[in-house]
Structures are given as C-alpha cells and as structure tokens.
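Structure below is entry-v9.csv: CSV, C-alpha atoms and all ligand atoms.
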chain,number,residue,atom,x,y,z
A,4,MET,CA,3.3,-8.6,32.2
A,5,LYS,CA,7.1,-8.5,32.0
A,6,GLY,CA,8.6,-6.8,29.0
A,7,PHE,CA,5.4,-5.2,27.6
A,8,ARG,CA,5.3,-1.5,27.2
A,9,CYS,CA,2.4,0.7,25.8
A,10,ALA,CA,4.9,2.0,23.3
A,11,SER,CA,5.0,-1.5,21.8
A,12,LEU,CA,1.5,-0.8,20.4
A,13,VAL,CA,2.9,1.7,17.9
A,14,SER,CA,5.7,1.5,15.3
A,15,ALA,CA,9.3,2.1,16.4
A,16,GLY,CA,10.1,5.8,16.3
A,17,PHE,CA,6.7,6.9,17.5
A,18,ALA,CA,5.7,8.0,21.1
A,19,ILE,CA,2.2,7.8,22.5
A,20,GLU,CA,0.8,11.2,23.6
A,21,GLY,CA,-2.5,10.0,24.9
A,22,VAL,CA,-5.2,7.4,24.7
A,23,ASP,CA,-9.0,8.0,24.8
A,24,ALA,CA,-11.1,4.8,25.1
A,25,SER,CA,-14.4,6.6,26.1
A,26,GLY,CA,-16.0,6.4,22.6
A,27,ALA,CA,-17.0,3.6,20.2
A,28,MET,CA,-13.4,3.1,19.2
A,29,THR,CA,-10.1,3.6,21.0
A,30,VAL,CA,-8.3,6.8,19.9
A,31,MET,CA,-4.5,7.0,20.3
A,32,VAL,CA,-2.6,10.2,19.7
A,33,VAL,CA,1.0,9.6,18.6
A,34,ARG,CA,3.9,11.7,17.4
A,35,ALA,CA,7.3,11.0,15.9
A,36,MET,CA,10.1,11.0,18.5
A,37,SER,CA,12.9,12.5,16.3
A,38,ARG,CA,13.5,16.2,16.8
A,39,THR,CA,14.8,16.7,13.3
A,40,ARG,CA,13.8,15.6,9.8
A,41,ALA,CA,15.9,15.6,6.7
A,42,CYS,CA,14.8,18.0,4.0
A,43,PRO,CA,13.5,16.0,1.0
A,44,ALA,CA,15.2,18.5,-1.4
A,45,CYS,CA,18.7,19.0,0.0
A,46,GLY,CA,18.9,16.3,2.8
A,47,ALA,CA,20.0,18.8,5.5
A,48,PRO,CA,18.5,18.1,8.9
A,49,ALA,CA,15.8,20.6,9.9
A,50,SER,CA,14.6,21.3,13.4
A,51,ARG,CA,12.7,24.6,13.1
A,52,ILE,CA,9.0,23.8,13.2
A,53,HIS,CA,6.7,25.8,10.9
A,54,SER,CA,3.3,24.3,12.0
A,55,ARG,CA,1.6,21.1,13.1
A,56,TYR,CA,-1.4,19.2,11.8
A,57,HIS,CA,-3.2,16.0,12.6
A,58,ARG,CA,-3.7,12.9,10.4
A,59,ARG,CA,-6.3,10.3,11.3
A,60,LEU,CA,-5.7,6.7,10.3
A,61,MET,CA,-7.2,3.4,11.3
A,62,ASP,CA,-4.8,0.9,12.9
A,63,LEU,CA,-5.0,-2.8,14.0
A,64,PRO,CA,-7.8,-3.3,16.6
A,65,VAL,CA,-6.6,-3.7,20.2
A,66,GLY,CA,-8.5,-5.5,23.0
A,67,GLY,CA,-11.5,-6.2,20.7
A,68,ARG,CA,-12.0,-2.5,19.9
A,69,ALA,CA,-11.3,-0.6,16.7
A,70,MET,CA,-8.3,1.6,16.9
A,71,GLN,CA,-7.9,5.1,15.4
A,72,LEU,CA,-4.5,6.8,15.4
A,73,ILE,CA,-4.2,10.6,15.4
A,74,VAL,CA,-0.7,11.3,14.2
A,75,GLN,CA,0.7,14.7,15.1
A,76,ALA,CA,2.7,15.6,12.0
A,77,ARG,CA,4.9,18.6,11.6
A,78,ARG,CA,6.0,21.0,8.9
A,79,PHE,CA,9.6,22.2,9.0
A,80,HIS,CA,11.5,25.2,7.7
A,81,CYS,CA,14.6,24.2,5.7
A,82,ASP,CA,17.3,26.8,6.7
A,83,ALA,CA,19.9,25.6,4.2
A,84,VAL,CA,21.0,28.7,2.3
A,85,LEU,CA,21.0,27.3,-1.2
A,86,CYS,CA,17.9,25.1,-0.9
A,87,GLY,CA,14.8,26.1,-2.8
A,88,GLN,CA,12.5,24.1,-0.4
A,89,ARG,CA,11.5,26.6,2.3
A,90,ILE,CA,8.9,24.5,4.1
A,91,PHE,CA,8.4,20.7,4.0
A,92,THR,CA,6.1,18.2,5.6
A,93,GLU,CA,7.5,15.3,7.5
A,94,ARG,CA,6.9,11.9,6.0
A,95,PHE,CA,6.6,8.6,7.8
A,96,LYS,CA,7.8,5.4,6.0
A,97,GLU,CA,5.1,3.4,7.8
A,98,LEU,CA,2.4,5.8,6.6
A,99,SER,CA,2.0,6.8,3.0
A,100,PRO,CA,1.0,10.5,2.7
A,101,TRP,CA,-2.7,9.8,1.6
A,102,ALA,CA,-3.3,6.5,3.5
A,103,ARG,CA,-6.4,6.1,5.6
A,104,ARG,CA,-5.0,3.0,7.2
A,105,THR,CA,-1.6,2.0,8.6
A,106,ALA,CA,0.5,-0.3,6.4
A,107,ARG,CA,0.0,-3.2,8.9
A,108,LEU,CA,-3.8,-2.8,8.8
A,109,ASP,CA,-3.8,-2.4,5.0
A,110,GLY,CA,-1.9,-5.7,4.8
A,111,ILE,CA,-4.6,-7.5,6.8
A,112,VAL,CA,-7.4,-6.0,4.7
A,113,HIS,CA,-5.6,-7.1,1.5
A,114,HIS,CA,-5.2,-10.7,2.7
A,115,LEU,CA,-8.9,-10.8,3.9
A,116,GLY,CA,-10.0,-9.5,0.5
A,117,LEU,CA,-7.9,-12.1,-1.4
A,118,ALA,CA,-9.0,-15.0,0.8
A,119,LEU,CA,-12.7,-14.3,1.1
A,120,GLY,CA,-13.7,-11.8,-1.6
A,121,GLY,CA,-15.4,-8.5,-1.1
A,122,ARG,CA,-18.7,-9.0,0.7
A,123,LEU,CA,-17.7,-12.0,2.9
A,124,ALA,CA,-14.4,-10.3,3.7
A,125,ALA,CA,-16.2,-7.1,4.7
A,126,SER,CA,-18.5,-9.1,7.1
A,127,PHE,CA,-15.6,-11.0,8.6
A,128,ALA,CA,-13.6,-7.7,9.0
A,129,GLY,CA,-16.5,-6.2,10.9
A,130,ARG,CA,-16.3,-9.1,13.4
A,131,LEU,CA,-12.6,-8.4,13.8
A,132,MET,CA,-13.4,-4.8,14.6
A,133,ILE,CA,-11.8,-3.6,11.3
A,134,PRO,CA,-14.4,-1.2,9.8
A,135,VAL,CA,-14.0,-1.6,6.0
A,136,SER,CA,-16.7,-1.7,3.3
A,137,ASN,CA,-17.0,-4.2,0.5
A,138,ASP,CA,-15.9,-1.5,-2.0
A,139,THR,CA,-12.8,-0.6,0.1
A,140,LEU,CA,-11.8,-4.2,0.2
A,141,LEU,CA,-12.0,-4.6,-3.5
A,142,ARG,CA,-10.0,-1.3,-4.0
A,143,VAL,CA,-7.3,-2.5,-1.7
A,144,VAL,CA,-7.0,-5.8,-3.5
A,145,ARG,CA,-6.8,-4.0,-6.9
A,146,ARG,CA,-4.2,-1.6,-5.6
A,147,HIS,CA,-1.9,-4.3,-4.3
A,148,GLY,CA,-2.4,-6.4,-7.4
A,149,ARG,CA,-2.8,-10.1,-7.5
A,150,PRO,CA,0.1,-12.4,-6.5
A,151,SER,CA,2.2,-13.4,-9.5
A,152,PRO,CA,1.4,-16.9,-10.8
A,153,PRO,CA,4.1,-19.6,-10.4
A,154,PRO,CA,6.5,-19.9,-13.3
A,155,PRO,CA,5.3,-22.2,-16.1
A,156,SER,CA,7.1,-25.6,-16.4
A,157,VAL,CA,5.6,-26.6,-19.8
A,158,VAL,CA,5.7,-23.8,-22.4
A,159,GLY,CA,4.3,-23.9,-26.0
A,160,ILE,CA,5.5,-21.5,-28.8
A,161,ASP,CA,3.5,-21.2,-32.0
A,162,ASP,CA,2.7,-18.8,-34.9
A,163,TRP,CA,-0.7,-17.1,-34.9
A,164,ALA,CA,-2.5,-15.1,-37.5
A,165,TRP,CA,-3.1,-11.5,-36.5
A,166,ARG,CA,-5.0,-10.8,-39.7
A,167,ARG,CA,-5.9,-13.9,-41.7
A,168,ASN,CA,-3.2,-14.7,-44.2
A,169,PHE,CA,-1.7,-11.3,-43.8
A,170,ARG,CA,0.3,-10.7,-40.6
A,171,TYR,CA,1.7,-13.3,-38.3
A,172,GLY,CA,3.0,-13.2,-34.7
A,173,THR,CA,4.2,-15.5,-32.0
A,174,ILE,CA,2.2,-16.9,-29.2
A,175,VAL,CA,3.7,-18.3,-25.9
A,176,CYS,CA,1.4,-20.5,-23.8
A,177,ASP,CA,1.6,-22.1,-20.4
A,178,LEU,CA,0.4,-25.5,-21.5
A,179,GLU,CA,-0.3,-26.9,-18.0
A,180,ARG,CA,-2.7,-24.0,-17.1
A,181,ARG,CA,-3.9,-23.4,-20.6
A,182,ARG,CA,-3.1,-19.7,-20.3
A,183,THR,CA,-1.5,-17.2,-22.8
A,184,ILE,CA,1.8,-15.8,-21.4
A,185,ALA,CA,2.7,-13.4,-24.3
A,186,LEU,CA,1.7,-12.4,-27.8
A,187,ALA,CA,4.2,-10.8,-30.1
A,188,LYS,CA,3.2,-9.2,-33.4
A,189,GLN,CA,5.9,-9.5,-36.0
A,190,GLY,CA,4.3,-7.0,-38.4
A,191,PHE,CA,5.4,-8.5,-41.8
A,192,PRO,CA,3.4,-10.3,-44.4
A,193,SER,CA,3.3,-14.0,-44.1
A,194,PRO,CA,5.4,-15.8,-46.7
A,195,THR,CA,2.4,-18.0,-47.5
A,196,CYS,CA,0.4,-15.1,-48.9
A,197,GLN,CA,3.2,-13.7,-51.1
A,198,LYS,CA,2.6,-14.5,-54.8
A,201,ZN,ZN,16.4,21.9,2.0
Would you give me this structure, written as structure tokens?
Ligand SMILES: [Zn+2]
Amino acid sequence: MKGFRCASLVSAGFAIEGVDASGAMTVMVVRAMSRTRACPACGAPASRIHSRYHRRLMDLPVGGRAMQLIVQARRFHCDAVLCGQRIFTERFKELSPWARRTARLDGIVHHLGLALGGRLAASFAGRLMIPVSNDTLLRVVRRHGRPSPPPPSVVGIDDWAWRRNFRYGTIVCDLERRRTIALAKQGFPSPTCQK
C-alpha cells in the first residue's frame, strides 16, 4: 500500500523496536526517537542516560487483535551545575505517567462508556478487542466527567428559605429542563421575620 509505514501505527516521535504477534495479543516495543530530554526543573537538555525501564500500556487494537505497547522509557542525569534535579524520568505527552492505556484508547473507552453504560459497553469493547471491565469503564467515565449541558435559554431567579422564616437565599433555575443551576445563601435574617 502506497504511503503506509509501520511507524504510522505509533504516535509521532516514537520508533518501533520490535513486534511480537505470537501470543494472544500483539506486543509492540517502542521508544522515543529524541536523543535528549529537557530537565523538568531547569529546562536544560539532558542526554546522559542513567537507566532504562519498561512501561506496559494497552493501545488501539490492530488487525482484529488487542495491542499492548511496551514503552522503553529512560531516566536522565541533569548535568546543569546549579540544578537541584540530579536524575529525572522522561515524560511523554501522549502517555500520562500512571496511565494503563494510551490517550487514544482511553478516548474510545470513554465514549463507549458514555454511549452504552458499563456492562453493555464492556461487552461491546470485548468484541472490539479492547479488554476493559465494567468497573474500568465506569472509572474512565467518572474521571473524564460528563459533558457539560447546553447553556440554558430560559432562566428563573427566585428567593428560597434556607431555614424557615430565618435565612433566605437566591435560587437560579433552568426552567426548560427543570434543573437547579445555582443556590446562593445570603446569610441574613429575612425582613419578614424581623419584629
Ligand atoms: Zn536540571
């Protein structure tokens, strides 16, 4: 196929070191292509490698098979004289430090959870070769938060009694959707109960 390269399977800035398709899922070993990383404390570029370690993350399925990435990450020495950060770990903007899925797979899991709910979404994800449990789907939806509702077009503002005949506040409602938008306590005695 013209124009397709294996490197297209991974995010820009990563190189593929090897692929193993002999097991139940395809495993792809990748590494960052840049030779240097900016120190998070002082910003100086560092190239002296302290050590390497592996991170395992699930990625989008390829060819009907689940895909696991093994990311070869590096720890660098910062050699800037005045910097207090002696060693730092490289970060990838596509992969948050504690993530177990790539951002692009996490986005799919989130949308499945929103569209179908936990159990049905987990079953459908299994058919798409995305191994996630019902609980994981719910956690991902909670973490991303629900989409913000459309702005109200008909708003009602009224007083409400916080404690009967004692303190009053203001309530703002979306009258079309019959939902409370905000409650504000004013914290002073109502004029009607002053004698
Ligand atoms: Zn530094």
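Distance annotation: of A:Met31, A:Cys45, A:Ala69, A:Val135, the residue with the minimal separation from ligand ZN 201 (chain A) is A:Cys45; atom set is all atoms listed in the file.
Residues with any atom within 12 Å of Trp101 of chain A, counting only C-alpha atoms and excluding same-chain neighbours fewer than 4 positions away, are A:Arg58, A:Arg59, A:Leu60, A:Arg94, A:Phe95, A:Glu97, A:Thr105, A:Ala106.
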Phe17 of chain A proximity check over A:Leu72, A:Ala49, A:Leu63, A:Cys86, using all atoms listed in the file: winner is A:Leu72
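Here atom CA of Val144 of chain A and atom CA of His113 of chain A stand 5.4 Å from one another.
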(message) Given the point (6.0, -14.9, -28.2) in the coordinates of this file, which residues lie within 9 Å, counting all atoms listed in the file, and how would they look as a PyMOL selection string?
(response) chain A and resi 160-162+172-176+184-188
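Shortest separation to Arg40 of chain A among A:Ile19, A:Met70, A:Ile52, A:Leu108 occurs at residue A:Ile52, atoms counted being only C-alpha atoms.
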(request) Write out as a list in words which residues come within 6 Å of segment 121-124 of chain A when counting only C-alpha atoms, dropping same-chain ones fewer than 2 positions away. (result)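 Here the qualifying residues turn out to be Leu115, Gly116, Leu119, Ser126, Phe127, Ala128, Asn137, Leu140 and Leu141 of chain A.
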Taken to one decimal, the atom CA of Ala15 of chain A-atom CA of Ala125 of chain A distance is 29.5 Å
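Comparing the minimum interatomic distances between ligand ZN 201 (chain A) and each of A:Arg89, A:Arg51, A:Arg104, A:Arg181, counting only C-alpha atoms and all ligand atoms, we find that A:Arg89 sits nearest.
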From atom CA of Arg130 of chain A to atom CA of His147 of chain A the spacing works out at 23.3 Å
Considering all atoms listed in the file, can you say which of A:Gly148, A:Pro48, A:Gly159, A:Gly66 comes closest to ligand ZN 201 (chain A)?
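Under the stated criterion, the closest residue is A:Pro48.
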Restricting to all atoms listed in the file, whichever of A:Phe91, A:Val32, A:Ser14, A:Ser54 is closest to ligand ZN 201 (chain A) is A:Phe91
Which residues of chain A come within 6 Å of ligand ZN 201 (chain A), and what is each one's closest atom pair and distance in Å (one decimal), counting all atoms listed in the file, sorted by chain and residue number, as CSV?
residue,atom,partner,partner_atom,distance
A:Cys42,CA,A:ZN201,ZN,4.7
A:Ala44,CA,A:ZN201,ZN,5.0
A:Cys45,CA,A:ZN201,ZN,4.2
A:Ala47,CA,A:ZN201,ZN,5.9
A:Cys81,CA,A:ZN201,ZN,4.7
A:Ala83,CA,A:ZN201,ZN,5.5
A:Cys86,CA,A:ZN201,ZN,4.6
A:Gln88,CA,A:ZN201,ZN,5.1
